[in-house]
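Heads up: the structure comes next, in structure tokens.
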Amino acid sequence: MNKASGFTKQRMIISALALIALLATPHFLGFHHQDLLIFLTINVLAVCSYRLVTLTGEWSLIHAVMMGVGAYTVALSVNHFDLAIWFTLPLAGMVAGLVAALLCFPLLRMTQFYFLIGSFAAGEAIRLTWVEFVGVFGGTSGLRGVEAPVVFGIDFLDPIPYFYFTLCVVSFCLFILYRIENSRIGLTLHAIHWKAPLAESVGVDAWRYRALAFILGSFFVGIAGGLKVHYLGSVTPNQFAIGFMVFILIWVIVGGYNKFYGPIIGVVVLTIFDESIRSFEVIRPAIYGAMLILSILFLPLGLESIPAKIKAWFKSEPAPQKPPLSDQ
Amino acid sequence: MPILEISNVTKQFGGLLALDDVSFQVEEGEIRGLIGPNGAGKSTMFKNIAGFYEPTKGSIKYRGTNIEGKKPHTIAEMGIVRTFQETTLFQELSVFENALIGAHMKSRTNVFSAVLGLDRLKQEAASEKVMEVLEFMGLIERRDQLAAELPLGSQRALALAIALVSEPKLMLMDEPFAGMNPEETNHMMELTRKVRESGITIVLVEHDMKAVMGLCNYLTVLNFGKLLAEGTPDEIRNNDRVIEAYLGGAK
């Protein structure tokens, strides 16, 4: 557990510069890349909310589908009730959270591998509901014609204002996720992950905390799904199939899941990488795959661990050794 | 009223009878030793009390309330906290953070308070309690060290500290002296006495006979899942059936 060591002056300057760069970015990009930037921002929320679920040590395969639950909620509430974006986004989170809460009862009876498979099965059940109930969810072609929101006279069909809006929502959600992780709740989740019996012996209701992480993770990814559909204007079951779930897993693992910012690095670097090898159309998947294998082989702690490694190399410090068992 | 009342507890794993109709009582303020040869059912009994197992038959009462079959965290909330065989700690966390996990019941919070920082007073109170316990256990100087860096004796003391921070009334200690050298054992015995003097009843499972005899005021002996004998250390030391059980009838 890394303790927040407080903001130093240096850190604040770097953050400010990064923020300015981030705000200026869309103005230098073409239309295609502006789209990509918005989806990247949304995916940042998807991976960070997924990290909250994994803090308890359980890896689920339902996270992408929960994003879809949020997306469908927004599509339905805009198409049928014409709700404003201020209502649709929280609603998307709440519906995803509610679905997660109901799923806790069957799913959290399982752990580890069984939980992984169980969550996949539950996710497919939800996804197939969208496919089969054509009247409500539009079947395989999904729901379309979700009108872009207009806020204070600004049309969010335009990518630049929508990027700023997305950035605000995602930053706010990340702030909440960060606070949760660094609070007492984060410590308890850590305890459940590594020594559940010890945690239980001092009064931790492990089931409740695993449920809490699962519900909160789903809540925030539901919001991410809502952001996506507000921009795209349509939603299909295939967007949230296992393929996208695998991408979430890859981003989190390659970025490094031990630190809060690891998954963010993962999704940003891999998205840029994927875009930069676009011209090698035929061998693109192979390059991408090779890069994944290499990073897992040589960076098991993820891209996040590179700075520490470089620092150690420059100081020519010995590799971290096992702590001595006795100091006597 | 006894603080702990075990009545006719039986625990069966398939064809194996781990505990067979065992009954005994623990009075408030005791240091009770639960001893017996390997496989006698001591640890099974512990797990039944702490809620990690549910007895097949029989009842376990804590201050008159039935607790058998309750979940471990519920039992912890009632005031029974166990420590573990071997060293069960969060090796990757500091001594302070380890002990802080023990403060769960004191500092538990909801998402809103955690995000908005409304639980600050509660968290500060928990930190104070942790410092107090670390001081009591003689770990205060090591509070920022990683648990993995501690010598065995201090690791066990930390395990005890985690339990103490949760303010139990009854503490179940599973082999607290295993693998210790005589010096560490003596230190741990001293700590255990201090804990008992602070008003906590202790039940411990232990193989180190010297420690058990020196520490406990009363012993309960199990053998093959059955209650073999009960008495003061002196009585047990001279009990023929106990001697036979330990030496396997080779007298």
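Residues are referred to by chain and number: the chain letter is A, B, ... according to the order shown in the structure tokens, the number counts from 1 in that chain, and ligands are numbered separately from 1 in the order shown.
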message = Set the distance at 7 Å and use only C-alpha atoms: which residues neighbour Val53 of chain A once local chain neighbours fewer than 5 positions away are removed? I'd like the list as a count of residues only.
response = 4
DSSP helix (DSSP H, G or I) residues within segment 41-251 of chain B, as a PyMOL selection string = chain B and resi 42-50+72-78+95-101+104-107+111-116+120-136+140-142+147-149+152-165+182-197+209-215+233-237+240-247
key: Long-range neighbours of His230 of chain A as number ranges by chain, 10 Å cut-off, only C-alpha atoms, 4 positions minimum in chain   = A: 71, 74-75, 78, 85, 88-89, 146-149, 156-157, 162, 225-226, 234-235
Since we have the selection now, will you write its residues out, keeping N, CA and C atoms, as an mmCIF file, in the first residue's frame?
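Okay, result-v7.cif is ready:
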```
data_model
loop_
_atom_site.group_PDB
_atom_site.id
_atom_site.type_symbol
_atom_site.label_atom_id
_atom_site.label_comp_id
_atom_site.auth_asym_id
_atom_site.auth_seq_id
_atom_site.Cartn_x
_atom_site.Cartn_y
_atom_site.Cartn_z
ATOM 1 N N ALA A 71 -24.478 1.920 -20.682
ATOM 2 C CA ALA A 71 -24.732 2.446 -22.023
ATOM 3 C C ALA A 71 -26.197 2.251 -22.418
ATOM 4 N N VAL A 74 -28.512 4.640 -20.586
ATOM 5 C CA VAL A 74 -28.521 5.983 -21.166
ATOM 6 C C VAL A 74 -29.321 5.996 -22.466
ATOM 7 N N ALA A 75 -29.073 5.018 -23.323
ATOM 8 C CA ALA A 75 -29.768 4.988 -24.617
ATOM 9 C C ALA A 75 -31.278 4.939 -24.411
ATOM 10 N N VAL A 78 -32.671 8.252 -22.816
ATOM 11 C CA VAL A 78 -32.714 9.387 -23.747
ATOM 12 C C VAL A 78 -33.804 9.163 -24.794
ATOM 13 N N ILE A 85 -28.402 14.938 -19.666
ATOM 14 C CA ILE A 85 -27.183 14.184 -19.365
ATOM 15 C C ILE A 85 -26.868 14.195 -17.865
ATOM 16 N N THR A 88 -28.930 11.249 -16.800
ATOM 17 C CA THR A 88 -28.663 9.943 -17.405
ATOM 18 C C THR A 88 -27.378 9.319 -16.881
ATOM 19 N N LEU A 89 -26.339 10.122 -16.673
ATOM 20 C CA LEU A 89 -25.062 9.538 -16.243
ATOM 21 C C LEU A 89 -25.148 8.923 -14.849
ATOM 22 N N VAL A 146 -29.545 7.910 -30.539
ATOM 23 C CA VAL A 146 -29.491 8.584 -29.243
ATOM 24 C C VAL A 146 -28.958 9.987 -29.499
ATOM 25 N N GLU A 147 -29.805 10.966 -29.341
ATOM 26 C CA GLU A 147 -29.400 12.328 -29.718
ATOM 27 C C GLU A 147 -28.320 12.856 -28.790
ATOM 28 N N ALA A 148 -27.369 13.545 -29.400
ATOM 29 C CA ALA A 148 -26.286 14.119 -28.604
ATOM 30 C C ALA A 148 -26.849 15.189 -27.686
ATOM 31 N N PRO A 149 -26.399 15.232 -26.455
ATOM 32 C CA PRO A 149 -26.932 16.217 -25.521
ATOM 33 C C PRO A 149 -26.484 17.635 -25.866
ATOM 34 N N PHE A 156 -22.945 18.800 -27.903
ATOM 35 C CA PHE A 156 -21.916 17.803 -27.617
ATOM 36 C C PHE A 156 -21.653 16.863 -28.786
ATOM 37 N N LEU A 157 -22.269 17.146 -29.920
ATOM 38 C CA LEU A 157 -21.926 16.384 -31.111
ATOM 39 C C LEU A 157 -20.512 16.773 -31.555
ATOM 40 N N TYR A 162 -17.208 18.014 -26.046
ATOM 41 C CA TYR A 162 -17.536 16.745 -25.387
ATOM 42 C C TYR A 162 -16.304 16.142 -24.734
ATOM 43 N N GLY A 225 -19.794 3.777 -19.579
ATOM 44 C CA GLY A 225 -20.646 3.325 -20.675
ATOM 45 C C GLY A 225 -21.603 4.419 -21.119
ATOM 46 N N GLY A 226 -22.141 5.153 -20.134
ATOM 47 C CA GLY A 226 -23.053 6.252 -20.445
ATOM 48 C C GLY A 226 -22.367 7.333 -21.267
ATOM 49 N N SER A 234 -25.158 5.506 -30.458
ATOM 50 C CA SER A 234 -25.741 4.173 -30.636
ATOM 51 C C SER A 234 -25.045 3.195 -29.707
ATOM 52 N N VAL A 235 -25.686 2.041 -29.505
ATOM 53 C CA VAL A 235 -25.098 1.014 -28.648
ATOM 54 C C VAL A 235 -25.495 -0.350 -29.194
#
```
request  = Could you please write out, as a PyMOL selection string, every residue of segment 43-218 of chain B that DSSP assigns to strand (DSSP E)?
outcome  = chain B and resi 57-62+65-66+80-82+170-174+201-205+218
task = Identify every residue of chain B that has at least one atom within 6 Å of any atom of chain A, counting only C-alpha atoms, and report the result as JSON, numbers by chain.
result = {"B": [72, 73, 76, 77, 81, 102, 114, 115, 149, 151]}
What does the file look like for those residues with N, CA and C atoms, as a compact mmCIF listing (two decimals), in the first residue's frame?
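The resulting selection05.txt:
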```
# COMPACT_ATOMS: atom_id res chain seq x y z
N PRO B 72 -17.16 -15.77 11.37
CA PRO B 72 -16.01 -15.27 12.13
C PRO B 72 -16.12 -13.78 12.48
N HIS B 73 -16.57 -12.96 11.52
CA HIS B 73 -16.59 -11.51 11.81
C HIS B 73 -17.64 -11.17 12.85
N ALA B 76 -16.11 -12.08 16.12
CA ALA B 76 -15.12 -11.06 16.48
C ALA B 76 -15.82 -9.84 17.05
N GLU B 77 -16.95 -9.48 16.47
CA GLU B 77 -17.68 -8.31 16.98
C GLU B 77 -18.19 -8.54 18.39
N VAL B 81 -11.51 -12.92 19.64
CA VAL B 81 -10.59 -12.74 18.53
C VAL B 81 -9.52 -13.81 18.62
N GLY B 102 -6.28 -4.25 12.59
CA GLY B 102 -7.00 -4.73 13.77
C GLY B 102 -8.05 -3.75 14.26
N ALA B 114 -15.67 8.29 3.71
CA ALA B 114 -14.28 8.06 3.30
C ALA B 114 -13.87 9.06 2.23
N VAL B 115 -14.74 9.29 1.25
CA VAL B 115 -14.41 10.19 0.14
C VAL B 115 -14.34 11.64 0.64
N GLU B 149 10.34 -7.52 7.85
CA GLU B 149 11.70 -7.27 8.33
C GLU B 149 11.87 -7.59 9.81
N PRO B 151 12.13 -9.67 13.36
CA PRO B 151 12.49 -11.01 13.82
C PRO B 151 11.24 -11.76 14.28
```
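Minimum atom-to-atom distance to Ile35 of chain B, evaluated using only C-alpha atoms, belongs to B:Glu175 out of B:Glu197, B:Glu97, B:Glu175, B:Glu190.
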message = Need the shell around Ile287 of chain A: protein/DNA/RNA residues with any atom at most 10 Å away, counting only C-alpha atoms. Skip same-chain ones fewer than 5 positions apart. Format as number ranges by chain?
response = A: 273-274, 277, 280, 282, 292-293
Which polymer residues have any atom within 8 Å of an atom of segment 253-260 of chain A, counting only C-alpha atoms, with same-chain residues fewer than 3 positions away left out, as a PDB file with N, CA and C atoms, in the first residue's frame?
```pdb
ATOM      1  N   ASN A   2       0.781   2.016  -1.079  1.00  0.00           N
ATOM      2  CA  ASN A   2       1.609   3.213  -1.108  1.00  0.00           C
ATOM      3  C   ASN A   2       0.873   4.369  -0.461  1.00  0.00           C
ATOM      4  N   CYS A  48      -9.744   2.046 -14.451  1.00  0.00           N
ATOM      5  CA  CYS A  48      -9.571   2.416 -13.038  1.00  0.00           C
ATOM      6  C   CYS A  48     -10.681   1.829 -12.175  1.00  0.00           C
ATOM      7  N   ARG A  51      -9.877  -1.723 -11.608  1.00  0.00           N
ATOM      8  CA  ARG A  51      -8.853  -1.907 -10.583  1.00  0.00           C
ATOM      9  C   ARG A  51      -9.466  -1.977  -9.187  1.00  0.00           C
ATOM     10  N   TYR A 178      -9.783   7.304  -6.172  1.00  0.00           N
ATOM     11  CA  TYR A 178      -8.502   7.463  -5.477  1.00  0.00           C
ATOM     12  C   TYR A 178      -8.711   7.611  -3.971  1.00  0.00           C
ATOM     13  N   LEU A 249      -8.564  -6.089 -19.547  1.00  0.00           N
ATOM     14  CA  LEU A 249      -7.585  -6.896 -18.803  1.00  0.00           C
ATOM     15  C   LEU A 249      -6.159  -6.566 -19.241  1.00  0.00           C
ATOM     16  N   ILE A 250      -5.961  -6.492 -20.569  1.00  0.00           N
ATOM     17  CA  ILE A 250      -4.619  -6.229 -21.096  1.00  0.00           C
ATOM     18  C   ILE A 250      -4.119  -4.861 -20.634  1.00  0.00           C
ATOM     19  N   PRO A 263      -2.951   1.218 -14.435  1.00  0.00           N
ATOM     20  CA  PRO A 263      -3.886   0.963 -15.542  1.00  0.00           C
ATOM     21  C   PRO A 263      -4.050   2.168 -16.476  1.00  0.00           C
ATOM     22  N   ILE A 264      -3.923   3.386 -15.930  1.00  0.00           N
ATOM     23  CA  ILE A 264      -4.054   4.575 -16.785  1.00  0.00           C
ATOM     24  C   ILE A 264      -2.904   4.593 -17.776  1.00  0.00           C
ATOM     25  N   ILE A 265      -1.676   4.335 -17.269  1.00  0.00           N
ATOM     26  CA  ILE A 265      -0.523   4.275 -18.164  1.00  0.00           C
ATOM     27  C   ILE A 265      -0.747   3.197 -19.221  1.00  0.00           C
ATOM     28  N   GLY A 266      -1.254   2.045 -18.776  1.00  0.00           N
ATOM     29  CA  GLY A 266      -1.485   0.929 -19.694  1.00  0.00           C
ATOM     30  C   GLY A 266      -2.405   1.310 -20.834  1.00  0.00           C
ATOM     31  N   VAL A 267      -3.546   1.899 -20.504  1.00  0.00           N
ATOM     32  CA  VAL A 267      -4.521   2.197 -21.547  1.00  0.00           C
ATOM     33  C   VAL A 267      -4.008   3.311 -22.456  1.00  0.00           C
ATOM     34  N   LEU A 292       2.679  -7.444 -26.179  1.00  0.00           N
ATOM     35  CA  LEU A 292       2.053  -7.893 -24.930  1.00  0.00           C
ATOM     36  C   LEU A 292       2.881  -8.973 -24.267  1.00  0.00           C
ATOM     37  N   SER A 295       6.015  -7.531 -22.811  1.00  0.00           N
ATOM     38  CA  SER A 295       5.849  -6.720 -21.610  1.00  0.00           C
ATOM     39  C   SER A 295       5.509  -7.588 -20.402  1.00  0.00           C
ATOM     40  N   ILE A 296       4.765  -8.669 -20.651  1.00  0.00           N
ATOM     41  CA  ILE A 296       4.427  -9.536 -19.517  1.00  0.00           C
ATOM     42  C   ILE A 296       5.663 -10.309 -19.062  1.00  0.00           C
ATOM     43  N   LEU A 299       8.272  -7.249 -17.904  1.00  0.00           N
ATOM     44  CA  LEU A 299       7.753  -6.258 -16.954  1.00  0.00           C
ATOM     45  C   LEU A 299       6.531  -6.823 -16.235  1.00  0.00           C
ATOM     46  N   PRO A 300       6.742  -7.839 -15.416  1.00  0.00           N
ATOM     47  CA  PRO A 300       5.572  -8.451 -14.775  1.00  0.00           C
ATOM     48  C   PRO A 300       4.800  -7.473 -13.893  1.00  0.00           C
ATOM     49  N   LEU A 301       5.473  -6.422 -13.422  1.00  0.00           N
ATOM     50  CA  LEU A 301       4.766  -5.441 -12.598  1.00  0.00           C
ATOM     51  C   LEU A 301       4.180  -4.315 -13.442  1.00  0.00           C
ATOM     52  N   GLY A 302       4.340  -4.426 -14.760  1.00  0.00           N
ATOM     53  CA  GLY A 302       3.719  -3.455 -15.641  1.00  0.00           C
ATOM     54  C   GLY A 302       4.607  -2.275 -15.964  1.00  0.00           C
ATOM     55  N   LEU A 303       4.118  -1.461 -16.908  1.00  0.00           N
ATOM     56  CA  LEU A 303       4.856  -0.280 -17.345  1.00  0.00           C
ATOM     57  C   LEU A 303       5.111   0.676 -16.187  1.00  0.00           C
ATOM     58  N   GLU A 304       4.194   0.629 -15.229  1.00  0.00           N
ATOM     59  CA  GLU A 304       4.290   1.499 -14.063  1.00  0.00           C
ATOM     60  C   GLU A 304       5.618   1.318 -13.323  1.00  0.00           C
ATOM     61  N   SER A 305       6.228   0.117 -13.434  1.00  0.00           N
ATOM     62  CA  SER A 305       7.446  -0.174 -12.663  1.00  0.00           C
ATOM     63  C   SER A 305       8.722   0.315 -13.363  1.00  0.00           C
TER      64      SER A 305
END
```
inquiry  = Give me, as a ChimeraX atom specification, all polymer residues having an atom no more than 8 Å from segment 208-219 of chain B, counting only C-alpha atoms and skipping those fewer than 2 positions away in the same chain.
reply    = /B:30-35,177-178,185-186,189,193,206,221,230-233,236
May I have the selected residues written with N, CA and C atoms, as a PDB file, in the first residue's frame?
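Contents of again-v8.pdb, as written:
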```
ATOM      1  N   GLU B  30      -9.126 -16.143  33.110  1.00  0.00           N
ATOM      2  CA  GLU B  30      -8.201 -17.277  33.088  1.00  0.00           C
ATOM      3  C   GLU B  30      -7.146 -17.142  31.987  1.00  0.00           C
ATOM      4  N   ILE B  31      -6.045 -17.868  32.151  1.00  0.00           N
ATOM      5  CA  ILE B  31      -5.247 -18.252  30.991  1.00  0.00           C
ATOM      6  C   ILE B  31      -5.400 -19.755  30.902  1.00  0.00           C
ATOM      7  N   ARG B  32      -6.202 -20.193  29.965  1.00  0.00           N
ATOM      8  CA  ARG B  32      -6.500 -21.616  29.862  1.00  0.00           C
ATOM      9  C   ARG B  32      -5.649 -22.240  28.768  1.00  0.00           C
ATOM     10  N   GLY B  33      -5.022 -23.344  29.088  1.00  0.00           N
ATOM     11  CA  GLY B  33      -4.251 -24.062  28.076  1.00  0.00           C
ATOM     12  C   GLY B  33      -5.051 -25.222  27.529  1.00  0.00           C
ATOM     13  N   LEU B  34      -5.051 -25.346  26.208  1.00  0.00           N
ATOM     14  CA  LEU B  34      -5.715 -26.475  25.561  1.00  0.00           C
ATOM     15  C   LEU B  34      -4.590 -27.299  24.956  1.00  0.00           C
ATOM     16  N   ILE B  35      -4.324 -28.481  25.561  1.00  0.00           N
ATOM     17  CA  ILE B  35      -3.163 -29.245  25.103  1.00  0.00           C
ATOM     18  C   ILE B  35      -3.574 -30.649  24.689  1.00  0.00           C
ATOM     19  N   PHE B 177       3.883 -19.924  20.739  1.00  0.00           N
ATOM     20  CA  PHE B 177       5.316 -20.083  21.031  1.00  0.00           C
ATOM     21  C   PHE B 177       6.045 -20.965  20.023  1.00  0.00           C
ATOM     22  N   ALA B 178       5.313 -21.466  19.011  1.00  0.00           N
ATOM     23  CA  ALA B 178       5.922 -22.426  18.081  1.00  0.00           C
ATOM     24  C   ALA B 178       7.136 -21.822  17.386  1.00  0.00           C
ATOM     25  N   THR B 185      10.543 -17.046  23.756  1.00  0.00           N
ATOM     26  CA  THR B 185       9.428 -17.656  24.477  1.00  0.00           C
ATOM     27  C   THR B 185       9.167 -16.915  25.780  1.00  0.00           C
ATOM     28  N   ASN B 186      10.247 -16.628  26.512  1.00  0.00           N
ATOM     29  CA  ASN B 186      10.082 -15.907  27.780  1.00  0.00           C
ATOM     30  C   ASN B 186       9.439 -14.548  27.571  1.00  0.00           C
ATOM     31  N   MET B 189       5.812 -14.982  26.806  1.00  0.00           N
ATOM     32  CA  MET B 189       5.053 -15.340  28.007  1.00  0.00           C
ATOM     33  C   MET B 189       4.743 -14.092  28.823  1.00  0.00           C
ATOM     34  N   ARG B 193       1.058 -12.586  29.716  1.00  0.00           N
ATOM     35  CA  ARG B 193       0.605 -12.263  31.081  1.00  0.00           C
ATOM     36  C   ARG B 193       0.087 -10.840  31.159  1.00  0.00           C
ATOM     37  N   GLU B 206      -1.053 -24.974  22.688  1.00  0.00           N
ATOM     38  CA  GLU B 206       0.399 -24.887  22.632  1.00  0.00           C
ATOM     39  C   GLU B 206       1.034 -26.249  22.852  1.00  0.00           C
ATOM     40  N   VAL B 221      -7.051 -31.136  28.567  1.00  0.00           N
ATOM     41  CA  VAL B 221      -6.276 -32.033  27.711  1.00  0.00           C
ATOM     42  C   VAL B 221      -7.216 -32.800  26.791  1.00  0.00           C
ATOM     43  N   GLU B 230      -8.786 -32.647  32.947  1.00  0.00           N
ATOM     44  CA  GLU B 230      -8.739 -31.218  33.235  1.00  0.00           C
ATOM     45  C   GLU B 230      -8.116 -31.020  34.597  1.00  0.00           C
ATOM     46  N   GLY B 231      -7.438 -29.915  34.788  1.00  0.00           N
ATOM     47  CA  GLY B 231      -6.878 -29.662  36.110  1.00  0.00           C
ATOM     48  C   GLY B 231      -5.827 -28.577  36.077  1.00  0.00           C
ATOM     49  N   THR B 232      -5.240 -28.320  37.240  1.00  0.00           N
ATOM     50  CA  THR B 232      -4.164 -27.341  37.309  1.00  0.00           C
ATOM     51  C   THR B 232      -2.922 -27.976  36.695  1.00  0.00           C
ATOM     52  N   PRO B 233      -1.935 -27.159  36.332  1.00  0.00           N
ATOM     53  CA  PRO B 233      -0.718 -27.728  35.743  1.00  0.00           C
ATOM     54  C   PRO B 233      -0.123 -28.861  36.579  1.00  0.00           C
ATOM     55  N   ILE B 236      -2.192 -32.023  36.159  1.00  0.00           N
ATOM     56  CA  ILE B 236      -2.031 -32.605  34.820  1.00  0.00           C
ATOM     57  C   ILE B 236      -0.675 -33.296  34.687  1.00  0.00           C
TER      58      ILE B 236
END
```
ask   = Near Gly138 of chain A, within 10 Å and counting only C-alpha atoms, which residues show up once chain neighbours fewer than 6 positions away are dropped, as an MDAnalysis selection string?
value = chainID A and resid 130:132 144 235:237
